[in-house]
Structure formats: structure tokens, C-alpha cells
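Engineer: Contents of my_file33.txt (compact mmCIF, N, CA and C atoms) are below:
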```txt
# COMPACT_ATOMS: atom_id res chain seq x y z
N MET R 5 -62.07 350.96 163.68
CA MET R 5 -61.06 351.63 164.47
C MET R 5 -61.19 353.13 164.25
N ALA R 6 -60.96 353.89 165.29
CA ALA R 6 -61.12 355.34 165.22
C ALA R 6 -60.05 355.96 164.33
N ALA R 7 -60.36 357.09 163.75
CA ALA R 7 -59.44 357.74 162.83
C ALA R 7 -58.16 358.19 163.52
N ASP R 8 -58.22 358.52 164.80
CA ASP R 8 -57.01 359.00 165.47
C ASP R 8 -56.28 357.88 166.21
N GLN R 9 -56.61 356.63 165.94
CA GLN R 9 -55.88 355.50 166.50
C GLN R 9 -54.50 355.47 165.82
N PRO R 10 -53.40 355.41 166.59
CA PRO R 10 -52.09 355.37 165.97
C PRO R 10 -51.96 354.17 165.03
N ALA R 11 -51.31 354.41 163.92
CA ALA R 11 -51.10 353.33 162.96
C ALA R 11 -50.16 352.29 163.55
N ARG R 12 -50.38 351.04 163.17
CA ARG R 12 -49.56 349.95 163.67
C ARG R 12 -48.55 349.54 162.61
N ASP R 13 -47.83 350.52 162.09
CA ASP R 13 -46.87 350.32 161.02
C ASP R 13 -45.49 350.07 161.63
N ALA R 14 -44.96 348.87 161.38
CA ALA R 14 -43.68 348.48 161.97
C ALA R 14 -42.52 349.34 161.47
N SER R 15 -42.69 350.06 160.37
CA SER R 15 -41.60 350.88 159.84
C SER R 15 -41.51 352.25 160.52
N ARG R 16 -42.51 352.59 161.31
CA ARG R 16 -42.49 353.90 162.00
C ARG R 16 -41.46 353.88 163.11
N PRO R 17 -40.75 354.98 163.31
CA PRO R 17 -39.79 355.04 164.42
C PRO R 17 -40.50 354.81 165.76
N PHE R 18 -39.83 354.09 166.64
CA PHE R 18 -40.41 353.75 167.93
C PHE R 18 -40.80 355.01 168.70
N SER R 19 -39.98 356.05 168.64
CA SER R 19 -40.29 357.28 169.37
C SER R 19 -41.60 357.90 168.89
N HIS R 20 -41.92 357.76 167.60
CA HIS R 20 -43.18 358.29 167.08
C HIS R 20 -44.36 357.47 167.58
N VAL R 21 -44.18 356.17 167.64
CA VAL R 21 -45.23 355.29 168.14
C VAL R 21 -45.54 355.63 169.59
N ILE R 22 -44.49 355.76 170.41
CA ILE R 22 -44.67 356.10 171.83
C ILE R 22 -45.37 357.46 171.97
N ALA R 23 -44.94 358.44 171.19
CA ALA R 23 -45.57 359.77 171.25
C ALA R 23 -47.05 359.69 170.89
N ASP R 24 -47.39 358.91 169.86
CA ASP R 24 -48.79 358.74 169.48
C ASP R 24 -49.58 358.07 170.60
N TRP R 25 -49.01 357.02 171.18
CA TRP R 25 -49.70 356.35 172.29
C TRP R 25 -49.94 357.32 173.43
N ASN R 26 -48.93 358.09 173.78
CA ASN R 26 -49.07 359.02 174.90
C ASN R 26 -50.15 360.07 174.63
N ARG R 27 -50.17 360.59 173.41
CA ARG R 27 -51.21 361.57 173.07
C ARG R 27 -52.59 360.94 173.18
N LEU R 28 -52.75 359.75 172.62
CA LEU R 28 -54.04 359.07 172.66
C LEU R 28 -54.46 358.78 174.10
N LEU R 29 -53.54 358.27 174.89
CA LEU R 29 -53.87 357.94 176.29
C LEU R 29 -54.13 359.20 177.12
N ASP R 30 -53.39 360.27 176.83
CA ASP R 30 -53.64 361.54 177.53
C ASP R 30 -55.04 362.06 177.23
N ARG R 31 -55.42 362.02 175.94
CA ARG R 31 -56.77 362.49 175.56
C ARG R 31 -57.84 361.62 176.20
N ALA R 32 -57.62 360.32 176.20
CA ALA R 32 -58.60 359.41 176.80
C ALA R 32 -58.74 359.69 178.29
N GLU R 33 -57.62 359.90 178.95
CA GLU R 33 -57.66 360.19 180.39
C GLU R 33 -58.40 361.50 180.67
N GLN R 34 -58.15 362.51 179.83
CA GLN R 34 -58.85 363.79 180.00
C GLN R 34 -60.36 363.62 179.80
N GLN R 35 -60.74 362.84 178.81
CA GLN R 35 -62.16 362.60 178.58
C GLN R 35 -62.79 361.89 179.77
N LEU R 36 -62.10 360.88 180.28
CA LEU R 36 -62.66 360.11 181.39
C LEU R 36 -62.80 360.95 182.65
N THR R 37 -61.86 361.83 182.90
CA THR R 37 -61.91 362.63 184.12
C THR R 37 -62.85 363.81 183.98
N SER R 38 -63.31 364.10 182.76
CA SER R 38 -64.25 365.21 182.59
C SER R 38 -65.65 364.82 183.02
N TRP R 39 -65.92 363.52 183.10
CA TRP R 39 -67.22 362.99 183.49
C TRP R 39 -68.34 363.40 182.54
N GLN R 40 -67.97 363.87 181.37
CA GLN R 40 -68.97 364.22 180.36
C GLN R 40 -68.77 363.32 179.16
N VAL R 41 -68.87 362.03 179.41
CA VAL R 41 -68.60 361.02 178.39
C VAL R 41 -69.85 360.17 178.20
N THR R 42 -70.23 359.98 176.96
CA THR R 42 -71.38 359.12 176.67
C THR R 42 -70.94 357.65 176.72
N LEU R 43 -71.92 356.75 176.74
CA LEU R 43 -71.61 355.33 176.72
C LEU R 43 -70.86 354.95 175.44
N ALA R 44 -71.24 355.54 174.33
CA ALA R 44 -70.56 355.26 173.06
C ALA R 44 -69.11 355.73 173.12
N GLN R 45 -68.88 356.89 173.72
CA GLN R 45 -67.51 357.39 173.86
C GLN R 45 -66.69 356.50 174.79
N LEU R 46 -67.32 356.01 175.85
CA LEU R 46 -66.62 355.09 176.75
C LEU R 46 -66.18 353.83 176.02
N GLU R 47 -67.08 353.32 175.20
CA GLU R 47 -66.74 352.11 174.43
C GLU R 47 -65.60 352.40 173.47
N GLU R 48 -65.64 353.55 172.82
CA GLU R 48 -64.56 353.91 171.89
C GLU R 48 -63.24 354.07 172.65
N LEU R 49 -63.28 354.65 173.84
CA LEU R 49 -62.06 354.77 174.65
C LEU R 49 -61.51 353.40 175.01
N ARG R 50 -62.39 352.48 175.37
CA ARG R 50 -61.94 351.12 175.70
C ARG R 50 -61.29 350.45 174.49
N VAL R 51 -61.90 350.63 173.33
CA VAL R 51 -61.36 350.02 172.10
C VAL R 51 -59.99 350.62 171.78
N ARG R 52 -59.87 351.93 171.86
CA ARG R 52 -58.58 352.58 171.58
C ARG R 52 -57.52 352.13 172.57
N ALA R 53 -57.89 352.13 173.84
CA ALA R 53 -56.92 351.73 174.88
C ALA R 53 -56.52 350.27 174.70
N ALA R 54 -57.48 349.43 174.33
CA ALA R 54 -57.15 348.02 174.09
C ALA R 54 -56.21 347.87 172.91
N GLY R 55 -56.37 348.70 171.89
CA GLY R 55 -55.46 348.69 170.75
C GLY R 55 -54.05 349.09 171.15
N VAL R 56 -53.95 350.14 171.96
CA VAL R 56 -52.64 350.58 172.45
C VAL R 56 -52.02 349.47 173.29
N LYS R 57 -52.82 348.88 174.16
CA LYS R 57 -52.28 347.82 175.03
C LYS R 57 -51.75 346.66 174.20
N ALA R 58 -52.52 346.22 173.22
CA ALA R 58 -52.09 345.09 172.38
C ALA R 58 -50.82 345.44 171.61
N ASP R 59 -50.79 346.63 171.03
CA ASP R 59 -49.60 347.05 170.28
C ASP R 59 -48.39 347.17 171.21
N ALA R 60 -48.62 347.72 172.39
CA ALA R 60 -47.51 347.90 173.33
C ALA R 60 -46.96 346.55 173.78
N GLU R 61 -47.84 345.61 174.02
CA GLU R 61 -47.38 344.28 174.44
C GLU R 61 -46.60 343.61 173.32
N THR R 62 -47.05 343.79 172.08
CA THR R 62 -46.33 343.23 170.93
C THR R 62 -44.94 343.87 170.79
N LEU R 63 -44.88 345.19 170.89
CA LEU R 63 -43.59 345.87 170.77
C LEU R 63 -42.67 345.56 171.95
N ARG R 64 -43.23 345.35 173.12
CA ARG R 64 -42.42 344.96 174.28
C ARG R 64 -41.79 343.59 174.03
N GLN R 65 -42.59 342.66 173.54
CA GLN R 65 -42.06 341.33 173.24
C GLN R 65 -40.96 341.40 172.17
N GLN R 66 -41.16 342.26 171.17
CA GLN R 66 -40.14 342.42 170.13
C GLN R 66 -38.86 343.00 170.72
N ALA R 67 -38.99 343.99 171.59
CA ALA R 67 -37.80 344.59 172.22
C ALA R 67 -37.07 343.56 173.08
N LEU R 68 -37.82 342.73 173.80
CA LEU R 68 -37.18 341.68 174.62
C LEU R 68 -36.48 340.65 173.73
N ALA R 69 -37.10 340.30 172.59
CA ALA R 69 -36.47 339.36 171.66
C ALA R 69 -35.20 339.98 171.07
N ASP R 70 -35.27 341.26 170.72
CA ASP R 70 -34.09 341.96 170.20
C ASP R 70 -32.98 342.00 171.25
N ALA R 71 -33.37 342.22 172.50
CA ALA R 71 -32.38 342.25 173.59
C ALA R 71 -31.72 340.89 173.76
N ALA R 72 -32.49 339.82 173.65
CA ALA R 72 -31.93 338.47 173.79
C ALA R 72 -30.96 338.17 172.65
N ALA R 73 -31.32 338.55 171.44
CA ALA R 73 -30.42 338.34 170.29
C ALA R 73 -29.16 339.17 170.45
N ASN R 74 -29.32 340.39 170.96
CA ASN R 74 -28.18 341.27 171.19
C ASN R 74 -27.25 340.68 172.24
N LYS R 75 -27.81 340.09 173.29
CA LYS R 75 -26.99 339.48 174.34
C LYS R 75 -26.16 338.33 173.79
N LYS R 76 -26.72 337.56 172.88
CA LYS R 76 -25.96 336.48 172.26
C LYS R 76 -24.74 337.03 171.53
N LEU R 77 -24.91 338.16 170.87
CA LEU R 77 -23.79 338.78 170.16
C LEU R 77 -22.73 339.27 171.15
N ILE R 78 -23.19 339.89 172.23
CA ILE R 78 -22.25 340.35 173.26
C ILE R 78 -21.50 339.16 173.84
N ASP R 79 -22.23 338.10 174.16
CA ASP R 79 -21.60 336.89 174.71
C ASP R 79 -20.58 336.30 173.75
N ALA R 80 -20.86 336.40 172.44
CA ALA R 80 -19.94 335.85 171.44
C ALA R 80 -18.59 336.59 171.43
N LEU R 81 -18.59 337.82 171.93
CA LEU R 81 -17.32 338.57 172.00
C LEU R 81 -16.43 338.09 173.14
N GLY R 82 -17.00 337.28 174.01
CA GLY R 82 -16.22 336.76 175.13
C GLY R 82 -16.18 337.75 176.29
N PRO R 83 -15.57 337.32 177.37
CA PRO R 83 -15.50 338.19 178.55
C PRO R 83 -14.52 339.35 178.34
N LEU R 84 -14.74 340.38 179.11
CA LEU R 84 -13.79 341.50 179.12
C LEU R 84 -12.45 341.02 179.66
N PRO R 85 -11.36 341.60 179.21
CA PRO R 85 -10.06 341.21 179.77
C PRO R 85 -10.02 341.51 181.28
N GLU R 86 -9.38 340.63 181.99
CA GLU R 86 -9.21 340.81 183.44
C GLU R 86 -8.27 341.98 183.69
N PRO R 87 -8.38 342.61 184.86
CA PRO R 87 -7.44 343.68 185.20
C PRO R 87 -6.00 343.16 185.11
N GLY R 88 -5.15 343.95 184.53
CA GLY R 88 -3.75 343.56 184.38
C GLY R 88 -3.48 342.82 183.09
N GLN R 89 -4.53 342.38 182.40
CA GLN R 89 -4.38 341.70 181.11
C GLN R 89 -4.34 342.76 180.00
N PRO R 90 -3.79 342.39 178.85
CA PRO R 90 -3.79 343.34 177.74
C PRO R 90 -5.23 343.69 177.35
N PRO R 91 -5.45 344.93 176.92
CA PRO R 91 -6.82 345.31 176.51
C PRO R 91 -7.23 344.54 175.27
N GLU R 92 -8.55 344.44 175.10
CA GLU R 92 -9.03 343.75 173.90
C GLU R 92 -8.77 344.64 172.69
N PRO R 93 -8.71 344.05 171.52
CA PRO R 93 -8.49 344.86 170.30
C PRO R 93 -9.58 345.93 170.16
N GLU R 94 -9.18 347.05 169.61
CA GLU R 94 -10.11 348.19 169.48
C GLU R 94 -11.36 347.83 168.69
N ALA R 95 -11.23 347.00 167.67
CA ALA R 95 -12.40 346.61 166.88
C ALA R 95 -13.41 345.86 167.74
N ILE R 96 -12.92 344.99 168.62
CA ILE R 96 -13.81 344.24 169.52
C ILE R 96 -14.41 345.19 170.55
N ALA R 97 -13.59 346.08 171.08
CA ALA R 97 -14.09 347.06 172.06
C ALA R 97 -15.17 347.94 171.44
N ALA R 98 -14.98 348.34 170.19
CA ALA R 98 -15.97 349.18 169.50
C ALA R 98 -17.27 348.40 169.30
N GLN R 99 -17.16 347.12 168.91
CA GLN R 99 -18.37 346.31 168.76
C GLN R 99 -19.09 346.16 170.09
N ARG R 100 -18.32 345.94 171.15
CA ARG R 100 -18.92 345.78 172.49
C ARG R 100 -19.65 347.06 172.90
N ARG R 101 -19.04 348.21 172.63
CA ARG R 101 -19.70 349.50 172.95
C ARG R 101 -21.00 349.65 172.17
N GLN R 102 -20.93 349.36 170.86
CA GLN R 102 -22.12 349.48 170.01
C GLN R 102 -23.22 348.54 170.49
N LEU R 103 -22.87 347.31 170.79
CA LEU R 103 -23.86 346.35 171.27
C LEU R 103 -24.42 346.77 172.63
N GLY R 104 -23.58 347.35 173.46
CA GLY R 104 -24.05 347.85 174.76
C GLY R 104 -25.06 348.98 174.60
N GLU R 105 -24.81 349.87 173.64
CA GLU R 105 -25.75 350.96 173.36
C GLU R 105 -27.08 350.40 172.85
N GLU R 106 -26.99 349.39 171.99
CA GLU R 106 -28.21 348.77 171.47
C GLU R 106 -28.97 348.06 172.59
N ALA R 107 -28.24 347.42 173.50
CA ALA R 107 -28.89 346.74 174.63
C ALA R 107 -29.68 347.74 175.47
N ALA R 108 -29.08 348.91 175.71
CA ALA R 108 -29.77 349.95 176.48
C ALA R 108 -31.01 350.43 175.74
N LEU R 109 -30.92 350.56 174.42
CA LEU R 109 -32.07 350.98 173.61
C LEU R 109 -33.20 349.96 173.70
N PHE R 110 -32.87 348.67 173.57
CA PHE R 110 -33.90 347.63 173.64
C PHE R 110 -34.56 347.61 175.02
N ALA R 111 -33.76 347.78 176.07
CA ALA R 111 -34.32 347.79 177.43
C ALA R 111 -35.26 348.98 177.61
N THR R 112 -34.86 350.13 177.09
CA THR R 112 -35.70 351.33 177.19
C THR R 112 -37.02 351.13 176.44
N ARG R 113 -36.93 350.56 175.25
CA ARG R 113 -38.15 350.30 174.47
C ARG R 113 -39.09 349.36 175.21
N ALA R 114 -38.53 348.31 175.79
CA ALA R 114 -39.37 347.36 176.53
C ALA R 114 -40.05 348.05 177.70
N GLN R 115 -39.32 348.92 178.41
CA GLN R 115 -39.90 349.62 179.56
C GLN R 115 -40.98 350.60 179.11
N GLN R 116 -40.72 351.33 178.04
CA GLN R 116 -41.71 352.30 177.55
C GLN R 116 -42.98 351.58 177.09
N ALA R 117 -42.81 350.48 176.41
CA ALA R 117 -43.97 349.72 175.94
C ALA R 117 -44.74 349.14 177.12
N GLU R 118 -44.03 348.64 178.11
CA GLU R 118 -44.70 348.09 179.30
C GLU R 118 -45.49 349.19 180.03
N PHE R 119 -44.91 350.36 180.13
CA PHE R 119 -45.59 351.48 180.77
C PHE R 119 -46.85 351.88 179.99
N ALA R 120 -46.74 351.94 178.67
CA ALA R 120 -47.91 352.29 177.84
C ALA R 120 -49.01 351.24 178.01
N ALA R 121 -48.63 349.97 178.05
CA ALA R 121 -49.62 348.90 178.24
C ALA R 121 -50.31 349.04 179.59
N ALA R 122 -49.53 349.37 180.62
CA ALA R 122 -50.11 349.54 181.96
C ALA R 122 -51.06 350.74 181.99
N ARG R 123 -50.67 351.84 181.35
CA ARG R 123 -51.56 353.01 181.28
C ARG R 123 -52.85 352.66 180.56
N ALA R 124 -52.72 351.95 179.45
CA ALA R 124 -53.91 351.56 178.68
C ALA R 124 -54.82 350.67 179.51
N GLU R 125 -54.23 349.71 180.21
CA GLU R 125 -55.02 348.81 181.06
C GLU R 125 -55.77 349.61 182.14
N ARG R 126 -55.10 350.57 182.72
CA ARG R 126 -55.74 351.41 183.74
C ARG R 126 -56.93 352.17 183.15
N LEU R 127 -56.76 352.70 181.95
CA LEU R 127 -57.85 353.43 181.31
C LEU R 127 -59.01 352.50 180.95
N ILE R 128 -58.68 351.28 180.53
CA ILE R 128 -59.73 350.30 180.24
C ILE R 128 -60.55 350.04 181.50
N GLU R 129 -59.86 349.88 182.61
CA GLU R 129 -60.55 349.65 183.89
C GLU R 129 -61.40 350.84 184.28
N LEU R 130 -60.86 352.05 184.13
CA LEU R 130 -61.63 353.25 184.48
C LEU R 130 -62.85 353.42 183.58
N ALA R 131 -62.69 353.12 182.31
CA ALA R 131 -63.81 353.25 181.37
C ALA R 131 -64.88 352.20 181.63
N GLY R 132 -64.51 351.13 182.29
CA GLY R 132 -65.47 350.06 182.59
C GLY R 132 -66.29 350.31 183.84
N ARG R 133 -65.96 351.35 184.56
CA ARG R 133 -66.70 351.63 185.82
C ARG R 133 -67.97 352.39 185.58
```
Could you take the file, read its structure, and then write that structure out as C-alpha cells?

Structural biologist:
Amino acid sequence: MAADQPARDASRPFSHVIADWNRLLDRAEQQLTSWQVTLAQLEELRVRAAGVKADAETLRQQALADAAANKKLIDALGPLPEPGQPPEPEAIAAQRRQLGEEAALFATRAQQAEFAAARAERLIELAGR
């Protein structure tokens, strides 16, 4: 694996992983569009992009699993009170807000990972031409 391949460390913040993927994919795209790439460099680009794609697909699946677990927690709080009914207790409302924020975070992570995987796949295809 190339020295500048982003580490696949699960303890790294997701935003750092995405930033590393974007930098790697941006550099690969610049190399491919320069048309001054050797066959060895093309192969290295394919390997790097395949690594990003695999990691992105794994992180997307994890985000979707986290979202599903989060939904179970939201569902366990029960439905929101109907209009005209007394409001739910503040502790429940606070949990619902927190879980809603987490749901948005998981959805964003899944989308970002899916986008990175699609970019990587596109670069793999371009490098194969």
C-alpha cells in the first residue's frame, strides 16, 4: 500500500477520514487528467482508489447500521404527542432531540461515504482506460 494511503483506523474522526479520501482522490484525478502517467502510476492509482472505495463502503454500511440502531431507540420513545395533548416530558423531548441529531449525523456519514465510493469507482474506471 502506498505511503499516502489514508489509514484505516476506526478511532480516527470521520471528518478526518473523509478529508483524507478527498485529498487522495483529488490528487489521483489531477494525475489522471494530466495525461503524464506511467502504467505503474496508473496501477497505483487503481489500488489507492480501490482502497478508498472498500473503506467507504465499509463506513457506509456502519453508518447505516448505526442509523438503524438509532431508529430503534427513537421508536422506543413512542410517538410524539398529538396536537392538543400534553407535551411529552422534557427528559424524553431532550432524548428525542439528541437521537434526531445523531440520526442526521449517521445519514450524512452514509451519504459522504457513498459519494467517496462513487468517486473512487469513477477513478478506477478512468485509470483502466

Engineer: Could you tell me, as a PyMOL selection string, which residues of region 6-129 of chain R DSSP assigns to alpha helix (DSSP H) when given the backbone?

Structural biologist: chain R and resi 18-38+43-80+94-129

Engineer: Got a sec: who's within 8 Å of Leu81 (chain R), counting all atoms listed in the file, leaving out chain neighbours fewer than 4 positions off, as a list of chain:residue names?

Structural biologist: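 After dropping sequence-adjacent residues, the list is R:Lys75, R:Lys76, R:Leu77, R:Ile96, R:Arg100.
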
Engineer: So, counting only C-alpha atoms, which residue among R:Gln89, R:Pro83, R:Ile78, R:Arg31 is closest to Arg101 (chain R)?

Structural biologist: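 Smallest separation from Arg101 (chain R) among the options: R:Ile78.
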
Engineer: If you measure from atom C of Leu29 (chain R) to atom N of Lys57 (chain R), what distance in Å do you get, rounded to one decimal?

Structural biologist: 10.8 Å

Engineer: When you draw a straight line from atom C of Thr37 (chain R) to atom N of Leu49 (chain R), how long is it in Å?

Structural biologist: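 Interatomic distance here is 13.7 Å.
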
Engineer: Please determine, counting all atoms listed in the file, which residue among R:Asn74, R:Pro91, R:Ala44, R:Pro85 has the shortest atom-to-atom distance to Gly104 (chain R).

Structural biologist: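 So, comparing all the options, the nearest one is R:Asn74.
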
Engineer: Please build the interface table for region 54-98 of chain R against region 108-130 of chain R with a cut-off of 7 Å, listing for each qualifying residue the nearest atom pair and the distance in Å to one decimal; count only N, CA and C atoms, order rows by chain and increasing number, and write it as JSON lines.

Structural biologist:
```
{"residue": "R:Ala54", "atom": "N", "partner": "R:Ala124", "partner_atom": "C", "distance": 6.0}
{"residue": "R:Val56", "atom": "C", "partner": "R:Ala121", "partner_atom": "CA", "distance": 5.5}
{"residue": "R:Lys57", "atom": "CA", "partner": "R:Ala121", "partner_atom": "CA", "distance": 4.3}
{"residue": "R:Ala58", "atom": "N", "partner": "R:Ala121", "partner_atom": "CA", "distance": 6.4}
{"residue": "R:Asp59", "atom": "C", "partner": "R:Ala117", "partner_atom": "CA", "distance": 7.0}
{"residue": "R:Ala60", "atom": "CA", "partner": "R:Ala117", "partner_atom": "CA", "distance": 4.8}
{"residue": "R:Glu61", "atom": "N", "partner": "R:Ala117", "partner_atom": "C", "distance": 5.6}
{"residue": "R:Leu63", "atom": "C", "partner": "R:Ala117", "partner_atom": "CA", "distance": 5.9}
{"residue": "R:Arg64", "atom": "CA", "partner": "R:Ala114", "partner_atom": "CA", "distance": 4.5}
{"residue": "R:Gln65", "atom": "N", "partner": "R:Ala114", "partner_atom": "CA", "distance": 6.4}
{"residue": "R:Ala67", "atom": "C", "partner": "R:Phe110", "partner_atom": "C", "distance": 5.1}
{"residue": "R:Leu68", "atom": "N", "partner": "R:Ala114", "partner_atom": "CA", "distance": 5.6}
{"residue": "R:Asp70", "atom": "C", "partner": "R:Phe110", "partner_atom": "CA", "distance": 6.2}
{"residue": "R:Ala71", "atom": "N", "partner": "R:Phe110", "partner_atom": "CA", "distance": 5.6}
```

Engineer: Between atom C of Arg16 (chain R) and atom C of Ala95 (chain R), what is the distance, to one decimal in Å?

Structural biologist: 29.5 Å

Engineer: Please put the answer as JSON: centre and edge lengths, in Å with one decimal, of a box along x, y and z that encloses all listed atoms of region 62-80 of chain R plus 3 Å on each side.

Structural biologist:
```
{"center_x": -32.8, "center_y": 340.9, "center_z": 172.4, "size_x": 34.5, "size_y": 16.0, "size_z": 10.6}
```

Engineer: Using all atoms listed in the file, can you tell me which of R:Gly82, R:Ala98, R:Pro90, R:Arg52 comes closest to Leu28 (chain R)?

Structural biologist: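 Looking at the shortest contact to Leu28 (chain R), the residue is R:Arg52.
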